[in-house]
>>> print(open('entry.csv').read())   # CSV, C-alpha atoms
chain,number,residue,atom,x,y,z
A,54,MET,CA,0.0,0.0,0.0
A,55,VAL,CA,1.2,3.5,-0.9
A,56,ARG,CA,0.4,6.3,1.5
A,57,THR,CA,1.2,10.0,1.2
A,58,GLY,CA,3.8,11.0,3.8
A,59,ALA,CA,4.4,14.7,2.9
A,60,ILE,CA,4.3,17.3,0.2
A,61,GLY,CA,7.4,18.4,-1.8
A,62,GLU,CA,10.0,18.5,-3.0
A,63,PHE,CA,8.9,21.6,-5.0
A,64,ILE,CA,6.1,23.8,-3.8
A,65,ALA,CA,6.7,26.8,-6.0
A,66,VAL,CA,8.5,27.6,-9.3
A,67,ASN,CA,11.2,29.3,-7.2
A,68,TYR,CA,11.8,26.4,-4.9
A,69,SER,CA,14.4,28.3,-2.8
A,70,GLY,CA,12.0,31.0,-1.4
A,71,GLY,CA,10.1,34.1,-2.2
A,72,PRO,CA,6.5,35.2,-1.6
A,73,VAL,CA,4.9,32.4,-3.6
A,74,PHE,CA,7.1,29.8,-1.7
A,75,GLU,CA,6.1,31.4,1.6
A,76,GLU,CA,2.4,31.4,0.8
A,77,ALA,CA,2.5,27.8,-0.3
A,78,ALA,CA,4.4,26.8,2.9
A,79,ARG,CA,1.9,28.8,5.0
A,80,ARG,CA,-1.0,26.8,3.4
A,81,ILE,CA,0.8,23.6,4.0
A,82,ALA,CA,1.3,24.4,7.6
A,83,GLN,CA,-2.4,25.4,8.0
A,84,ALA,CA,-3.3,22.0,6.6
A,85,GLY,CA,-1.1,20.3,9.1
A,86,TRP,CA,1.0,18.5,6.4
A,87,ARG,CA,4.7,17.6,6.5
A,88,LEU,CA,6.8,19.5,4.0
A,89,GLU,CA,10.0,18.5,2.3
A,90,VAL,CA,11.9,20.9,0.0
A,91,HIS,CA,15.3,20.3,-1.6
A,92,SER,CA,18.6,22.2,-1.4
A,93,ILE,CA,21.4,21.7,-4.0
A,94,ASP,CA,23.5,24.8,-3.8
A,95,ALA,CA,25.3,26.9,-1.3
A,96,GLU,CA,22.5,29.5,-0.9
A,97,ASP,CA,19.1,27.9,-1.3
A,98,TYR,CA,18.8,26.3,2.1
A,99,LYS,CA,19.3,29.6,3.8
A,100,SER,CA,16.2,31.2,2.3
A,101,GLU,CA,14.2,28.0,2.7
A,102,ILE,CA,15.0,27.7,6.4
A,103,ALA,CA,14.4,31.4,6.9
A,104,ALA,CA,10.9,30.9,5.3
A,105,TYR,CA,10.4,27.9,7.7
A,106,GLU,CA,11.2,30.1,10.6
A,107,LYS,CA,8.8,32.8,9.5
A,108,ILE,CA,5.9,30.3,9.2
A,109,HIS,CA,6.9,28.7,12.5
A,110,ALA,CA,6.6,32.1,14.2
A,111,GLN,CA,3.2,32.6,12.7
A,112,LEU,CA,1.6,29.1,13.0
A,113,GLY,CA,4.0,26.8,14.8
A,114,ILE,CA,5.4,23.9,12.8
A,115,GLY,CA,7.4,22.2,15.5
A,116,ASP,CA,5.3,19.1,15.4
A,117,LEU,CA,5.0,18.8,11.6
A,118,ARG,CA,8.6,17.6,11.0
A,119,TRP,CA,9.5,19.9,8.1
A,120,VAL,CA,12.5,18.8,6.2
A,121,VAL,CA,15.2,20.1,3.8
A,122,ALA,CA,16.6,17.4,1.6
A,123,HIS,CA,20.1,16.8,0.0
A,124,VAL,CA,21.8,19.8,1.7
A,125,PRO,CA,25.3,19.3,0.2
A,126,TYR,CA,26.5,22.6,1.6
A,127,ILE,CA,24.5,23.2,4.8
A,128,THR,CA,26.4,24.9,7.6
A,129,SER,CA,26.4,24.2,11.4
A,130,ASP,CA,24.5,27.4,12.2
A,131,TYR,CA,21.6,26.6,9.7
A,132,LEU,CA,21.5,23.1,11.0
A,133,ALA,CA,21.0,24.5,14.5
A,134,ARG,CA,18.3,26.9,13.2
A,135,LEU,CA,16.4,24.1,11.5
A,136,LYS,CA,16.7,21.8,14.5
A,137,LYS,CA,15.4,24.6,16.8
A,138,ILE,CA,12.0,24.7,14.9
A,139,GLY,CA,11.6,20.9,14.9
A,140,GLY,CA,13.0,20.3,11.4
A,141,GLY,CA,15.2,17.6,9.9
A,142,VAL,CA,17.4,16.8,6.9
A,143,ASN,CA,16.9,14.0,4.4
A,144,LEU,CA,20.1,12.8,2.8
A,145,SER,CA,21.3,10.8,-0.1
A,146,SER,CA,24.7,9.9,-1.7
A,147,TRP,CA,23.8,11.6,-5.1
A,148,ARG,CA,27.2,13.3,-5.1
A,149,TYR,CA,28.8,9.9,-5.7
A,150,LEU,CA,28.0,10.4,-9.4
A,151,ALA,CA,27.7,14.2,-9.8
A,152,GLY,CA,30.1,15.7,-7.1
A,153,VAL,CA,33.5,17.1,-7.2
A,154,GLY,CA,35.9,17.6,-4.3
A,155,PRO,CA,37.1,18.5,-1.9
A,156,ALA,CA,33.8,19.1,-0.1
A,157,ALA,CA,31.1,17.7,-2.3
A,158,GLY,CA,28.7,17.0,0.5
A,159,PRO,CA,26.4,16.2,2.1
A,160,PRO,CA,28.4,17.0,5.3
A,161,PHE,CA,27.4,13.7,6.9
A,162,ARG,CA,29.8,14.1,9.9
A,163,ARG,CA,28.6,17.7,10.6
A,164,ILE,CA,25.0,16.7,10.4
A,165,LEU,CA,25.3,13.7,12.7
A,166,ASP,CA,27.3,15.7,15.2
A,167,SER,CA,24.6,18.5,15.2
A,168,GLY,CA,22.0,16.1,16.6
A,169,ILE,CA,19.3,17.1,14.1
A,170,PRO,CA,16.9,14.4,12.9
A,171,ALA,CA,18.5,12.9,9.8
A,172,GLY,CA,17.9,9.9,7.6
A,173,ILE,CA,19.2,8.7,4.3
A,174,GLY,CA,17.6,7.1,1.2
A,175,GLY,CA,17.7,6.9,-2.5
A,176,ASP,CA,17.1,9.7,-5.0
A,177,GLY,CA,15.9,9.8,-8.6
A,178,ALA,CA,17.8,7.2,-10.6
A,179,GLN,CA,18.6,9.8,-13.3
A,180,LEU,CA,20.7,11.6,-10.7
A,181,ALA,CA,22.0,9.0,-8.3
A,182,THR,CA,22.4,5.3,-7.8
A,183,ILE,CA,19.5,3.8,-5.8
A,184,ASN,CA,21.7,0.9,-4.6
A,185,PRO,CA,22.0,1.4,-0.8
A,186,TRP,CA,25.4,-0.3,-0.7
A,187,VAL,CA,26.9,2.2,-3.1
A,188,GLN,CA,25.4,4.9,-1.0
A,189,ALA,CA,27.0,3.4,2.1
A,190,TYR,CA,30.3,3.3,0.2
A,191,TYR,CA,30.1,7.0,-0.5
A,192,ALA,CA,29.0,8.1,3.0
A,193,THR,CA,31.7,6.0,4.7
A,194,THR,CA,34.6,6.6,2.4
A,195,GLY,CA,33.9,10.0,0.8
A,196,LYS,CA,34.9,8.5,-2.6
A,197,ASN,CA,33.0,9.0,-5.8
A,198,ALA,CA,32.5,6.7,-8.7
A,199,LEU,CA,36.0,7.3,-10.0
A,200,GLY,CA,37.5,6.4,-6.6
A,201,ASP,CA,38.5,10.0,-5.8
A,202,VAL,CA,37.9,11.4,-2.3
A,203,ILE,CA,35.5,14.3,-2.8
A,204,ASN,CA,33.9,14.6,0.7
A,205,ASP,CA,36.9,14.4,3.0
A,206,GLY,CA,36.4,15.0,6.7
A,207,GLN,CA,32.6,14.2,6.4
A,208,GLN,CA,32.9,10.4,6.4
A,209,ILE,CA,30.7,8.5,8.9
A,210,THR,CA,31.1,4.9,10.3
A,211,ARG,CA,29.3,1.9,8.9
A,212,GLN,CA,27.2,1.7,12.1
A,213,GLU,CA,26.1,5.3,11.7
A,214,MET,CA,25.2,4.7,8.1
A,215,LEU,CA,23.1,1.7,8.9
A,216,GLN,CA,21.3,3.7,11.6
A,217,LEU,CA,20.6,6.5,9.1
A,218,TYR,CA,19.1,4.0,6.6
A,219,THR,CA,16.9,2.2,9.1
A,220,ARG,CA,15.9,3.3,12.6
A,221,ALA,CA,16.7,7.0,12.0
A,222,ASN,CA,14.2,7.1,9.1
A,223,GLN,CA,11.3,6.3,11.5
A,224,TRP,CA,11.2,10.1,12.4
A,225,PHE,CA,10.4,10.9,8.7
A,226,LEU,CA,7.5,8.4,8.5
A,227,GLY,CA,5.3,9.7,11.3
A,228,GLY,CA,1.9,8.2,12.0
A,229,LEU,CA,1.4,4.5,12.2
A,230,ASP,CA,4.4,3.7,10.0
A,231,GLU,CA,6.7,5.2,12.6
A,232,LYS,CA,5.7,2.4,14.9
A,233,LEU,CA,5.9,-0.4,12.3
A,234,LEU,CA,9.0,0.2,10.3
A,235,GLY,CA,12.7,0.9,10.7
A,236,SER,CA,13.8,-1.6,13.3
A,237,LEU,CA,13.4,-5.2,14.3
A,238,GLU,CA,11.3,-5.2,17.5
A,239,VAL,CA,8.3,-7.0,18.8
A,240,GLY,CA,5.1,-5.5,17.3
A,241,ARG,CA,6.8,-4.1,14.2
A,242,LEU,CA,6.7,-5.6,10.7
A,243,GLY,CA,9.2,-8.4,10.0
A,244,ASP,CA,11.3,-6.8,7.3
A,245,VAL,CA,14.8,-8.3,7.2
A,246,VAL,CA,17.5,-9.2,4.7
A,247,VAL,CA,20.2,-11.8,4.7
A,248,LEU,CA,23.3,-10.3,3.0
A,249,SER,CA,25.8,-11.9,0.8
A,250,ASP,CA,28.7,-10.5,2.8
A,251,ASP,CA,29.4,-9.1,6.3
A,252,TYR,CA,28.6,-5.4,6.0
A,253,PHE,CA,30.9,-4.5,8.9
A,254,LYS,CA,33.9,-6.5,7.8
A,255,VAL,CA,34.2,-6.4,4.1
A,256,PRO,CA,36.8,-4.1,2.5
A,257,ASP,CA,35.5,-0.7,1.4
A,258,GLU,CA,35.5,-1.6,-2.3
A,259,GLN,CA,33.5,-4.7,-1.5
A,260,LEU,CA,30.7,-2.7,0.0
A,261,LYS,CA,29.4,-1.8,-3.4
A,262,LYS,CA,29.0,-5.4,-4.3
A,263,ILE,CA,26.9,-6.5,-1.3
A,264,LYS,CA,23.5,-7.9,-2.3
A,265,SER,CA,20.6,-9.6,-0.6
A,266,VAL,CA,20.4,-13.4,-0.7
A,267,LEU,CA,17.1,-13.5,1.2
A,268,THR,CA,14.6,-10.7,1.6
A,269,VAL,CA,11.6,-10.8,4.0
A,270,VAL,CA,8.9,-8.1,4.0
A,271,GLY,CA,6.2,-8.2,6.6
A,272,GLY,CA,7.2,-11.7,7.5
A,273,VAL,CA,6.8,-12.9,3.8
A,274,VAL,CA,9.8,-14.0,1.7
A,275,VAL,CA,9.8,-11.9,-1.4
A,276,HIS,CA,13.2,-12.7,-2.7
A,277,LYS,CA,15.6,-15.6,-2.3
A,278,SER,CA,18.8,-16.6,-4.1
A,279,ARG,CA,19.5,-20.1,-5.4
A,280,GLU,CA,20.9,-21.4,-2.1
A,281,PHE,CA,17.6,-20.7,-0.4
A,282,SER,CA,15.6,-22.4,-3.1
A,283,ILE,CA,16.4,-26.0,-2.1
>>> encode(input="entry.csv", output="structure tokens")
Amino acid sequence: MVRTGAIGEFIAVNYSGGPVFEEAARRIAQAGWRLEVHSIDAEDYKSEIAAYEKIHAQLGIGDLRWVVAHVPYITSDYLARLKKIGGGVNLSSWRYLAGVGPAAGPPFRRILDSGIPAGIGGDGAQLATINPWVQAYYATTGKNALGDVINDGQQITRQEMLQLYTRANQWFLGGLDEKLLGSLEVGRLGDVVVLSDDYFKVPDEQLKKIKSVLTVVGGVVVHKSREFSI
């Protein structure tokens, strides 16, 4: 079943702010919806977060979990401002294909250290790989598709990456799904994979080659490799 979780990632022709953007955001707040907009340059997130703050002062959005996505260049002060009004950041490793160094972003380390709600997932396949293991490779090594380090100083651990892809994403779901997905606990859906390799032990280059040999969704086997077909 597909459910609507939020509105975005464009709410106006000028996605980075302005009067039309602010009016659209105001109506979204009045409707009580979650909003997610995207940031891809060194300036757009500033006007987006300023607009969020303006709407928050008028209507209060602290419980709506408004998000800015991608944020390759977001700074510590704007992370703090977004966190203060109850916001979060949604990340991906799209710079693996499109980025150049030395600070291609997103600043994974800075974001995690800020304590703001953060999660990671795929992006449009025309922009980025949707393979989670390639995304893990980029976030933990800072290396792009050519093997060049383009996000130095912002690498995170494999444990932190796993957290971003699973339990941390509960915050972005909200509603019933927040209590059903994202972790293996009694009362939640039985979603689990058995991997071809040990995620925590394989060499960095092997991360990109990990695959599922058994996938269970809601307690039902939806994929199995040959060794599980006997």
>>> closest_residue(input="entry.csv", among="A:Gln111, A:Ser167, A:Ser249, A:Ser100", to="Asp130 of chain A", atoms="all atoms listed in the file")
A:Ser167
>>> closest_residue(input="entry.csv", among="A:Ala84, A:Leu150, A:Leu248, A:Val269", to="Ile183 of chain A", atoms="only C-alpha atoms")
A:Leu150
>>> closest_residue(input="entry.csv", among="A:Ser265, A:Gln212, A:Asn67, A:Ser92", to="Ser278 of chain A", atoms="only C-alpha atoms")
A:Ser265
>>> atom_distance(input="entry.csv", atom1="atom CA of Val255 of chain A", atom2="atom CA of Leu242 of chain A")
28.3 Å
>>> residues_around(input="entry.csv", residues="Ile60 of chain A", least_positions_apart="2", cutoff="9 Å", atoms="all atoms listed in the file", output="list in words")
Thr57, Gly58, Glu62, Phe63, Ile64, Ile81, Trp86, Arg87, Leu88, Glu89 and Val90 of chain A
>>> residues_around(input="entry.csv", residues="Phe281 of chain A", least_positions_apart="6", cutoff="12 Å", atoms="all atoms listed in the file", output="ChimeraX atom specification")
/A:247,265-268,274-275
>>> residues_near_point(input="entry.csv", point="(11.7, 20.5, 14.8)", cutoff="10 Å", atoms="only C-alpha atoms", output="PDB file with C-alpha atoms, in the frame of the given file")
ATOM      1  CA  HIS A 109       6.900  28.700  12.500  1.00  0.00           C
ATOM      2  CA  GLY A 113       4.000  26.800  14.800  1.00  0.00           C
ATOM      3  CA  ILE A 114       5.400  23.900  12.800  1.00  0.00           C
ATOM      4  CA  GLY A 115       7.400  22.200  15.500  1.00  0.00           C
ATOM      5  CA  ASP A 116       5.300  19.100  15.400  1.00  0.00           C
ATOM      6  CA  LEU A 117       5.000  18.800  11.600  1.00  0.00           C
ATOM      7  CA  ARG A 118       8.600  17.600  11.000  1.00  0.00           C
ATOM      8  CA  TRP A 119       9.500  19.900   8.100  1.00  0.00           C
ATOM      9  CA  VAL A 120      12.500  18.800   6.200  1.00  0.00           C
ATOM     10  CA  ARG A 134      18.300  26.900  13.200  1.00  0.00           C
ATOM     11  CA  LEU A 135      16.400  24.100  11.500  1.00  0.00           C
ATOM     12  CA  LYS A 136      16.700  21.800  14.500  1.00  0.00           C
ATOM     13  CA  LYS A 137      15.400  24.600  16.800  1.00  0.00           C
ATOM     14  CA  ILE A 138      12.000  24.700  14.900  1.00  0.00           C
ATOM     15  CA  GLY A 139      11.600  20.900  14.900  1.00  0.00           C
ATOM     16  CA  GLY A 140      13.000  20.300  11.400  1.00  0.00           C
ATOM     17  CA  GLY A 141      15.200  17.600   9.900  1.00  0.00           C
ATOM     18  CA  ILE A 169      19.300  17.100  14.100  1.00  0.00           C
ATOM     19  CA  PRO A 170      16.900  14.400  12.900  1.00  0.00           C
TER      20      PRO A 170
END
>>> residues_near_point(input="entry.csv", point="(16.3, 1.7, 13.7)", cutoff="7 Å", atoms="all atoms listed in the file", output="number ranges by chain")
A: 216, 219-221, 235-236
>>> atom_distance(input="entry.csv", atom1="atom CA of Tyr191 of chain A", atom2="atom CA of Gly227 of chain A")
27.6 Å
>>> closest_residue(input="entry.csv", among="A:Phe74, A:Tyr149, A:Tyr68, A:Tyr126", to="Ala95 of chain A", atoms="all atoms listed in the file")
A:Tyr126
>>> residues_around(input="entry.csv", residues="Val142 of chain A", least_positions_apart="3", cutoff="6 Å", atoms="only C-alpha atoms", output="list in words")
Val120, Val121, Ala122 and Ala171 of chain A
>>> closest_residue(input="entry.csv", among="A:Ile209, A:Ala65, A:Gly272, A:Leu226", to="Gly240 of chain A", atoms="all atoms listed in the file")
A:Gly272
>>> residues_around(input="entry.csv", residues="Pro256 of chain A", least_positions_apart="6", cutoff="12 Å", atoms="all atoms listed in the file", output="list in words")
Tyr190, Thr193, Thr194, Arg211, Asp250, Lys262 and Ile263 of chain A
>>> closest_residue(input="entry.csv", among="A:Asn204, A:Ser145, A:Leu229, A:Lys196", to="Ala178 of chain A", atoms="only C-alpha atoms")
A:Ser145
>>> residues_around(input="entry.csv", residues="Gln207 of chain A", least_positions_apart="3", cutoff="10 Å", atoms="all atoms listed in the file", output="PyMOL selection string")
chain A and resi 156-165+192-195+203-204
>>> write_last_selection(input="entry.csv", atoms="C-alpha atoms", output="PDB file, in the coordinates of the input")
ATOM      1  CA  ALA A 156      33.800  19.100  -0.100  1.00  0.00           C
ATOM      2  CA  ALA A 157      31.100  17.700  -2.300  1.00  0.00           C
ATOM      3  CA  GLY A 158      28.700  17.000   0.500  1.00  0.00           C
ATOM      4  CA  PRO A 159      26.400  16.200   2.100  1.00  0.00           C
ATOM      5  CA  PRO A 160      28.400  17.000   5.300  1.00  0.00           C
ATOM      6  CA  PHE A 161      27.400  13.700   6.900  1.00  0.00           C
ATOM      7  CA  ARG A 162      29.800  14.100   9.900  1.00  0.00           C
ATOM      8  CA  ARG A 163      28.600  17.700  10.600  1.00  0.00           C
ATOM      9  CA  ILE A 164      25.000  16.700  10.400  1.00  0.00           C
ATOM     10  CA  LEU A 165      25.300  13.700  12.700  1.00  0.00           C
ATOM     11  CA  ALA A 192      29.000   8.100   3.000  1.00  0.00           C
ATOM     12  CA  THR A 193      31.700   6.000   4.700  1.00  0.00           C
ATOM     13  CA  THR A 194      34.600   6.600   2.400  1.00  0.00           C
ATOM     14  CA  GLY A 195      33.900  10.000   0.800  1.00  0.00           C
ATOM     15  CA  ILE A 203      35.500  14.300  -2.800  1.00  0.00           C
ATOM     16  CA  ASN A 204      33.900  14.600   0.700  1.00  0.00           C
TER      17      ASN A 204
END
>>> atom_distance(input="entry.csv", atom1="atom CA of Pro185 of chain A", atom2="atom CA of Val202 of chain A")
18.8 Å
